[in-house]
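Chemist: First, the structure itself, so that you have it in front of you.
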Amino acid sequence: MIRVPSLLDLLILETGLGERDVRAIAATAPIRYKTYEIEKRNGGKRLISQPARELKALQRVIVNEVLDKLPVHPAATAYRPSLSIKDNAKPHTVSGAILKLDFKDFFPSLREVDWESYCKQHNIFETPEDIHLSSRILFHRKKTASTLRLAIGAPSSPTLSNVLMFELDTHISKLVASDGITYTRYADDMTFSAPRAWNLVGTLRKVRKLLRDTASPRLQLNTDKTVLVTKKYRRVVTGLVISDDQRVSLGHERKRLLRAAVYRFIQGKLSIREQARLAGNLAFAYSIEPEFIQRLEDRYGTSTITDIKRAPRLLQSSGDNQNR
C-alpha cells in the first residue's frame, strides 16, 4: 500500500495550479459535471456524467499518483492497460459450463463512504482532510441527491471501481474455488465457469448471500441478466465466443460481417470513414483471433489488408484538408 503525505501539495505540484485554484475546484467538484444520456446497445438509456476539464485534470493526478498504485485483484480484467476482453474470456476456455451474473447500477452503487472506509482501513492519506478532498474530486452528486457516487464518464471511475472491488473480488474467488469454479469480472459482468453445470448450482445463492453480508461496497445483482450455458449452446463471454476446442473466437457472425466488409472495400463501395471503421475492426479481430486475419490475407491478398490499415491515416488527412 502507499501513503500520500499531502494530497493538496501533490495536486498543486502535478497540475501547476495554485492552492486557491485547487481548493476552488474541489469545493464544487461533485457538481462540475455535464450530464447526458446515450442509448444502450440492448435497449434503454445510460446516464453519462462528464466532469469539467479542470476537474478531469485533478482526477487524472489521483489516478496516476494514487489509484494506479493500489492493488487490483487478478480476477478483475477491465480497465487495465495490459488486459482486454480476451483475457477475461480465456480462463473459461477449459470449462464446460458458464454462469454469467451482472451487477445492477455498478458505478453509481460505489459511494463516497466506500472510498473513505477504504482509505481509513489502508491508511492511504495522513489526514481526514485529504480523504475528504479526494472524495469530493472523485465522486459525483446528482441534482437533489445527498450521496456522492461514482460517475460513468469520469476518467478516474474505472480504476477506482477496481480498487474498491478488491476485497469483494477476493471473497468471491475464495467462495467459489472450493467448487472448482473459475471467476473473472469485467466491470459489472461476472463470469463463473466449471467442468459441469452442477458445479455452478449453488453459485448464485452464495454470491447473493455474500453481497447481503458485505457492508461496503453495497451491490445488488441484476437478475434479468443471469445466464447459465453449457457446451450444447453458444457460450459467450464479454462478447467473445468460447469454442468447443477451447479457443477464444470472434464468432461466426462477426467474422462473416468482416469478410463482407473487406469484399465491399475491394469493390470500392466503402467511404473513407467506413474504411477507417473497418481498419479498427480488423485491428480488434487481430488482437482476438490473429489466424482469422491471416485467412483474410490468404483469400483477399496481403496488399488488400494493408490498404485497409492505411484508411485511418487517409481519414485524418482528409479531415486536415477540410480544416485548412
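Letters A, B, ... go to the chains of the C-alpha cells in the order shown; residues in each chain start at 1; ligands are counted from 1 in the same order.
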Excluding Pro74 (chain A) and residues on its chain fewer than 6 positions from it, collect all residues at most 10 Å away from it, counting only C-alpha atoms, and give them as a list in words.
Modeler: Phe166, Asp169, Thr170, Ser173, Tyr183, Thr184 and Arg185 of chain A
Chemist: Go ahead and write the residues just picked, N, CA and C atoms, as a short mmCIF file (atom, residue, chain, number, x, y, z; two decimals), in the first residue's frame.
Modeler:
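Here's the written file out-v2.cif:
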data_model
loop_
_atom_site.label_atom_id
_atom_site.label_comp_id
_atom_site.auth_asym_id
_atom_site.auth_seq_id
_atom_site.Cartn_x
_atom_site.Cartn_y
_atom_site.Cartn_z
N PHE A 166 -11.57 -4.79 -4.77
CA PHE A 166 -10.51 -5.76 -4.49
C PHE A 166 -10.92 -6.79 -3.44
N ASP A 169 -13.82 -9.03 -4.72
CA ASP A 169 -13.30 -9.99 -5.70
C ASP A 169 -12.55 -11.11 -5.00
N THR A 170 -11.80 -10.77 -3.97
CA THR A 170 -11.06 -11.78 -3.20
C THR A 170 -12.01 -12.75 -2.53
N SER A 173 -13.76 -15.03 -5.18
CA SER A 173 -12.82 -16.03 -5.71
C SER A 173 -12.65 -17.18 -4.73
N TYR A 183 -13.37 -17.76 -11.65
CA TYR A 183 -14.11 -16.50 -11.59
C TYR A 183 -13.31 -15.37 -12.22
N THR A 184 -13.96 -14.58 -13.09
CA THR A 184 -13.39 -13.33 -13.58
C THR A 184 -14.49 -12.27 -13.56
N ARG A 185 -14.05 -11.01 -13.57
CA ARG A 185 -15.01 -9.90 -13.60
C ARG A 185 -14.52 -8.84 -14.57
#
Chemist: Output as number ranges by chain all residues of region 217-323 of chain A that backbone DSSP marks as helix (DSSP H, G or I).
Modeler: A: 223-225, 252-266, 272-288, 290-300, 302-309, 311-323
Chemist: Just C-alpha atoms for this one: save the residues we selected as a PDB file, in the first residue's frame.
Modeler:
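Result written to part-v8.pdb:
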ATOM      1  CA  THR A 223     -31.164 -10.981 -12.038  1.00  0.00           C
ATOM      2  CA  ASP A 224     -32.600 -10.334 -15.514  1.00  0.00           C
ATOM      3  CA  LYS A 225     -29.095 -10.830 -16.921  1.00  0.00           C
ATOM      4  CA  HIS A 252     -19.168 -16.828 -36.970  1.00  0.00           C
ATOM      5  CA  GLU A 253     -21.436 -13.797 -37.369  1.00  0.00           C
ATOM      6  CA  ARG A 254     -18.767 -11.200 -36.591  1.00  0.00           C
ATOM      7  CA  LYS A 255     -16.332 -12.887 -38.995  1.00  0.00           C
ATOM      8  CA  ARG A 256     -18.997 -13.040 -41.703  1.00  0.00           C
ATOM      9  CA  LEU A 257     -19.589  -9.307 -41.386  1.00  0.00           C
ATOM     10  CA  LEU A 258     -15.854  -8.585 -41.549  1.00  0.00           C
ATOM     11  CA  ARG A 259     -15.437 -10.708 -44.688  1.00  0.00           C
ATOM     12  CA  ALA A 260     -18.368  -8.902 -46.287  1.00  0.00           C
ATOM     13  CA  ALA A 261     -16.871  -5.509 -45.410  1.00  0.00           C
ATOM     14  CA  VAL A 262     -13.491  -6.457 -46.917  1.00  0.00           C
ATOM     15  CA  TYR A 263     -15.250  -7.567 -50.093  1.00  0.00           C
ATOM     16  CA  ARG A 264     -17.125  -4.257 -50.269  1.00  0.00           C
ATOM     17  CA  PHE A 265     -13.798  -2.460 -49.849  1.00  0.00           C
ATOM     18  CA  ILE A 266     -12.377  -4.337 -52.819  1.00  0.00           C
ATOM     19  CA  ILE A 272     -13.200   6.705 -46.232  1.00  0.00           C
ATOM     20  CA  ARG A 273     -14.962   6.782 -42.864  1.00  0.00           C
ATOM     21  CA  GLU A 274     -16.278   3.230 -43.369  1.00  0.00           C
ATOM     22  CA  GLN A 275     -12.784   2.120 -44.367  1.00  0.00           C
ATOM     23  CA  ALA A 276     -11.370   3.609 -41.172  1.00  0.00           C
ATOM     24  CA  ARG A 277     -14.032   1.801 -39.144  1.00  0.00           C
ATOM     25  CA  LEU A 278     -13.158  -1.456 -40.909  1.00  0.00           C
ATOM     26  CA  ALA A 279      -9.466  -0.911 -40.144  1.00  0.00           C
ATOM     27  CA  GLY A 280     -10.312  -0.574 -36.451  1.00  0.00           C
ATOM     28  CA  ASN A 281     -12.453  -3.703 -36.547  1.00  0.00           C
ATOM     29  CA  LEU A 282      -9.654  -5.675 -38.202  1.00  0.00           C
ATOM     30  CA  ALA A 283      -7.172  -4.473 -35.583  1.00  0.00           C
ATOM     31  CA  PHE A 284      -9.558  -5.668 -32.882  1.00  0.00           C
ATOM     32  CA  ALA A 285     -10.027  -9.002 -34.689  1.00  0.00           C
ATOM     33  CA  TYR A 286      -6.257  -9.454 -34.868  1.00  0.00           C
ATOM     34  CA  SER A 287      -5.953  -8.970 -31.108  1.00  0.00           C
ATOM     35  CA  ILE A 288      -8.555 -11.689 -30.518  1.00  0.00           C
ATOM     36  CA  PRO A 290      -4.922 -13.380 -35.448  1.00  0.00           C
ATOM     37  CA  GLU A 291      -5.325 -16.543 -37.514  1.00  0.00           C
ATOM     38  CA  PHE A 292      -8.580 -15.135 -38.914  1.00  0.00           C
ATOM     39  CA  ILE A 293      -6.702 -12.095 -40.268  1.00  0.00           C
ATOM     40  CA  GLN A 294      -4.188 -14.468 -41.837  1.00  0.00           C
ATOM     41  CA  ARG A 295      -7.042 -16.265 -43.600  1.00  0.00           C
ATOM     42  CA  LEU A 296      -8.342 -12.920 -44.872  1.00  0.00           C
ATOM     43  CA  GLU A 297      -4.894 -12.126 -46.270  1.00  0.00           C
ATOM     44  CA  ASP A 298      -4.723 -15.550 -47.929  1.00  0.00           C
ATOM     45  CA  ARG A 299      -8.140 -15.036 -49.502  1.00  0.00           C
ATOM     46  CA  TYR A 300      -8.036 -11.367 -50.488  1.00  0.00           C
ATOM     47  CA  THR A 302      -1.935  -9.100 -48.063  1.00  0.00           C
ATOM     48  CA  SER A 303      -1.882  -5.862 -50.050  1.00  0.00           C
ATOM     49  CA  THR A 304      -5.668  -5.512 -49.646  1.00  0.00           C
ATOM     50  CA  ILE A 305      -5.493  -5.790 -45.857  1.00  0.00           C
ATOM     51  CA  THR A 306      -2.525  -3.399 -45.826  1.00  0.00           C
ATOM     52  CA  ASP A 307      -4.520  -0.864 -47.841  1.00  0.00           C
ATOM     53  CA  ILE A 308      -7.385  -1.101 -45.351  1.00  0.00           C
ATOM     54  CA  LYS A 309      -4.968  -0.466 -42.484  1.00  0.00           C
ATOM     55  CA  ALA A 311      -7.585   4.077 -44.025  1.00  0.00           C
ATOM     56  CA  PRO A 312      -7.369   5.903 -40.647  1.00  0.00           C
ATOM     57  CA  ARG A 313      -4.448   7.978 -41.981  1.00  0.00           C
ATOM     58  CA  LEU A 314      -6.445   8.789 -45.115  1.00  0.00           C
ATOM     59  CA  LEU A 315      -9.389   9.887 -42.971  1.00  0.00           C
ATOM     60  CA  GLN A 316      -7.147  12.103 -40.861  1.00  0.00           C
ATOM     61  CA  SER A 317      -5.553  13.588 -43.976  1.00  0.00           C
ATOM     62  CA  SER A 318      -8.998  14.267 -45.417  1.00  0.00           C
ATOM     63  CA  GLY A 319     -10.051  15.996 -42.203  1.00  0.00           C
ATOM     64  CA  ASP A 320      -6.888  18.099 -42.147  1.00  0.00           C
ATOM     65  CA  ASN A 321      -7.512  19.257 -45.719  1.00  0.00           C
ATOM     66  CA  GLN A 322     -11.086  20.258 -44.877  1.00  0.00           C
ATOM     67  CA  ASN A 323      -9.867  22.313 -41.907  1.00  0.00           C
TER      68      ASN A 323
END
Chemist: Could you produce a table of the residues of region 151-178 of chain A lying within 10 Å of region 40-52 of chain A, with the nearest pair of atoms per residue and their separation in Å rounded to one decimal, using only C-alpha atoms, ordered by chain and increasing residue number, as CSV?
Modeler:
residue,atom,partner,partner_atom,distance
A:Ala151,CA,A:Ser49,CA,5.8
A:Ile152,CA,A:Ile48,CA,5.2
A:Gly153,CA,A:Gln50,CA,4.9
A:Ala154,CA,A:Gln50,CA,5.9
A:Pro155,CA,A:Pro51,CA,8.6
Chemist: Using only C-alpha atoms for the distances, tell me which of A:Leu200, A:Leu250, A:Asn222, A:Lys209 is nearest to Ser95 (chain A).
Modeler: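 Of A:Leu200, A:Leu250, A:Asn222, A:Lys209, the one nearest Ser95 (chain A) is A:Leu200, counting only C-alpha atoms.
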Chemist: Which of these residues is nearest to Glu65 (chain A), using only C-alpha atoms: A:Ile85, A:Val248, A:Ala29, A:Leu7?
Modeler: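 Checking each candidate against Glu65 (chain A), we get A:Leu7 as the closest.
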Chemist: Going by DSSP on the backbone, which bits of region 47-202 of chain A are strand (DSSP E or B)? Write them as number ranges by chain, please.
Modeler: A: 47-51, 76, 97-103, 111, 125, 140, 149, 182-186, 189-194
Chemist: Considering only C-alpha atoms, can you say which of A:Arg53, A:Arg3, A:Arg23, A:Lys34 comes closest to Lys69 (chain A)?
Modeler: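 Answer, going by the shortest atom-to-atom distance: A:Arg3.
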Chemist: Can you measure CA of Phe192 (chain A) to CA of Lys100 (chain A) for me? One decimal in Å is fine.
Modeler: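 Taking CA of Phe192 (chain A) and CA of Lys100 (chain A), their separation equals 6.3 Å.
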Chemist: Can you pull out every residue within 12 Å of Thr226 (chain A), counting only C-alpha atoms, but drop anything in the same chain fewer than 4 positions away, and send it as a list in words?
Modeler: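 Near Thr226 (chain A), the qualifying residues are Ile98, Leu99, Lys100, Leu101, Asp102, Phe103, Lys104, Asp189, Met190, Thr191, Phe192, Thr203, Leu204, Leu221 and Asn222 of chain A.
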Chemist: Could you turn the residues from that selection into a file that holds C-alpha atoms, as an mmCIF file, in the first residue's frame?
Modeler:
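Below is the file that was written, again.cif:
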data_model
loop_
_atom_site.group_PDB
_atom_site.id
_atom_site.type_symbol
_atom_site.label_atom_id
_atom_site.label_comp_id
_atom_site.auth_asym_id
_atom_site.auth_seq_id
_atom_site.Cartn_x
_atom_site.Cartn_y
_atom_site.Cartn_z
ATOM 1 C CA ILE A 98 -20.562 -20.952 -17.785
ATOM 2 C CA LEU A 99 -22.642 -18.818 -15.410
ATOM 3 C CA LYS A 100 -22.865 -15.071 -16.033
ATOM 4 C CA LEU A 101 -24.038 -12.623 -13.381
ATOM 5 C CA ASP A 102 -24.359 -8.856 -13.636
ATOM 6 C CA PHE A 103 -24.253 -6.070 -11.060
ATOM 7 C CA LYS A 104 -27.135 -3.608 -11.069
ATOM 8 C CA ASP A 189 -20.024 -8.560 -15.664
ATOM 9 C CA MET A 190 -19.085 -11.570 -13.530
ATOM 10 C CA THR A 191 -18.267 -14.886 -15.196
ATOM 11 C CA PHE A 192 -18.062 -18.235 -13.423
ATOM 12 C CA THR A 203 -23.092 -20.148 -7.014
ATOM 13 C CA LEU A 204 -25.905 -17.630 -7.454
ATOM 14 C CA LEU A 221 -27.405 -8.325 -8.851
ATOM 15 C CA ASN A 222 -29.390 -7.618 -11.978
#
Chemist: Quick one: residues within 7 Å of Thr182 (chain A), only C-alpha atoms counted, chain neighbours fewer than 5 positions away excluded, as a list in words?
Modeler: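 Answer for this query is His92, Ala177, Phe192, Ser193 and Ala194 of chain A.
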Chemist: Would you mind reading off the distance between CA of Gln59 (chain A) and CA of Leu138 (chain A), one decimal, in Å?
Modeler: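 Value for the CA of Gln59 (chain A)-CA of Leu138 (chain A) distance: 6.3 Å.
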Chemist: Just checking: using only C-alpha atoms, which residue out of A:Gly239, A:Gly268, A:Gly301, A:Pro217 ends up closest to Ser161 (chain A)?
Modeler: A:Pro217
Chemist: Quick check, in Å to one decimal: how far apart do CA of Val61 (chain A) and CA of Ser135 (chain A) lie?
Modeler: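 CA of Ser135 (chain A) lies 13.6 Å from CA of Val61 (chain A).
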Chemist: Per residue of region 155-186 of chain A within 12 Å of region 112-121 of chain A, what are the shortest atom pair and its distance in Å to one decimal, counting only C-alpha atoms, with rows by chain and residue number, as a Markdown table?
Modeler:
| residue | atom | partner | partner_atom | distance |
| --- | --- | --- | --- | --- |
| A:Ser157 | CA | A:Trp115 | CA | 11.5 |
| A:Leu160 | CA | A:Trp115 | CA | 8.6 |
| A:Ser161 | CA | A:Trp115 | CA | 9.6 |
| A:Asn162 | CA | A:Trp115 | CA | 11.5 |
| A:Val163 | CA | A:Tyr118 | CA | 9.0 |
| A:Leu164 | CA | A:Trp115 | CA | 6.9 |
| A:Met165 | CA | A:Asp114 | CA | 9.9 |
| A:Phe166 | CA | A:Tyr118 | CA | 10.3 |
| A:Glu167 | CA | A:Tyr118 | CA | 9.9 |
Chemist: Could you dump the residues just selected with N, CA, C and O atoms as a PDB file, in the first residue's frame?
Modeler:
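Ended up saving to out-v7.pdb:
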ATOM      1  N   SER A 157     -13.090   6.920 -12.593  1.00  0.00           N
ATOM      2  CA  SER A 157     -14.066   5.929 -12.131  1.00  0.00           C
ATOM      3  C   SER A 157     -13.687   4.482 -12.441  1.00  0.00           C
ATOM      4  O   SER A 157     -13.824   3.616 -11.565  1.00  0.00           O
ATOM      5  N   LEU A 160     -10.850   3.388 -10.054  1.00  0.00           N
ATOM      6  CA  LEU A 160     -11.338   3.404  -8.678  1.00  0.00           C
ATOM      7  C   LEU A 160     -12.294   2.250  -8.418  1.00  0.00           C
ATOM      8  O   LEU A 160     -12.296   1.662  -7.323  1.00  0.00           O
ATOM      9  N   SER A 161     -13.093   1.889  -9.409  1.00  0.00           N
ATOM     10  CA  SER A 161     -14.021   0.765  -9.225  1.00  0.00           C
ATOM     11  C   SER A 161     -13.257  -0.533  -8.959  1.00  0.00           C
ATOM     12  O   SER A 161     -13.643  -1.326  -8.099  1.00  0.00           O
ATOM     13  N   ASN A 162     -12.168  -0.760  -9.682  1.00  0.00           N
ATOM     14  CA  ASN A 162     -11.369  -1.964  -9.462  1.00  0.00           C
ATOM     15  C   ASN A 162     -10.730  -1.967  -8.082  1.00  0.00           C
ATOM     16  O   ASN A 162     -10.640  -3.012  -7.421  1.00  0.00           O
ATOM     17  N   VAL A 163     -10.267  -0.803  -7.645  1.00  0.00           N
ATOM     18  CA  VAL A 163      -9.668  -0.691  -6.314  1.00  0.00           C
ATOM     19  C   VAL A 163     -10.692  -1.019  -5.233  1.00  0.00           C
ATOM     20  O   VAL A 163     -10.422  -1.812  -4.313  1.00  0.00           O
ATOM     21  N   LEU A 164     -11.869  -0.436  -5.338  1.00  0.00           N
ATOM     22  CA  LEU A 164     -12.902  -0.652  -4.325  1.00  0.00           C
ATOM     23  C   LEU A 164     -13.454  -2.077  -4.334  1.00  0.00           C
ATOM     24  O   LEU A 164     -14.011  -2.537  -3.340  1.00  0.00           O
ATOM     25  N   MET A 165     -13.288  -2.780  -5.465  1.00  0.00           N
ATOM     26  CA  MET A 165     -13.798  -4.152  -5.583  1.00  0.00           C
ATOM     27  C   MET A 165     -12.778  -5.204  -5.157  1.00  0.00           C
ATOM     28  O   MET A 165     -13.083  -6.399  -5.191  1.00  0.00           O
ATOM     29  N   PHE A 166     -11.569  -4.793  -4.772  1.00  0.00           N
ATOM     30  CA  PHE A 166     -10.506  -5.757  -4.489  1.00  0.00           C
ATOM     31  C   PHE A 166     -10.921  -6.793  -3.441  1.00  0.00           C
ATOM     32  O   PHE A 166     -10.791  -8.007  -3.657  1.00  0.00           O
ATOM     33  N   GLU A 167     -11.421  -6.336  -2.317  1.00  0.00           N
ATOM     34  CA  GLU A 167     -11.767  -7.275  -1.251  1.00  0.00           C
ATOM     35  C   GLU A 167     -12.949  -8.159  -1.633  1.00  0.00           C
ATOM     36  O   GLU A 167     -12.958  -9.360  -1.342  1.00  0.00           O
TER      37      GLU A 167
END
Chemist: Using only C-alpha atoms, which of the listed residues (A:Ser109, A:Thr35, A:Ser82, A:Asn88) sits closest to Leu219 (chain A)?
Modeler: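 Result for the nearest residue to Leu219 (chain A): A:Ser109.
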Chemist: Which of these, A:Lys90, A:Arg310, A:Lys232, A:His140, has the shortest distance to Leu55 (chain A) once you count only C-alpha atoms?
Modeler: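 Of A:Lys90, A:Arg310, A:Lys232, A:His140, the one nearest Leu55 (chain A) is A:His140, counting only C-alpha atoms.
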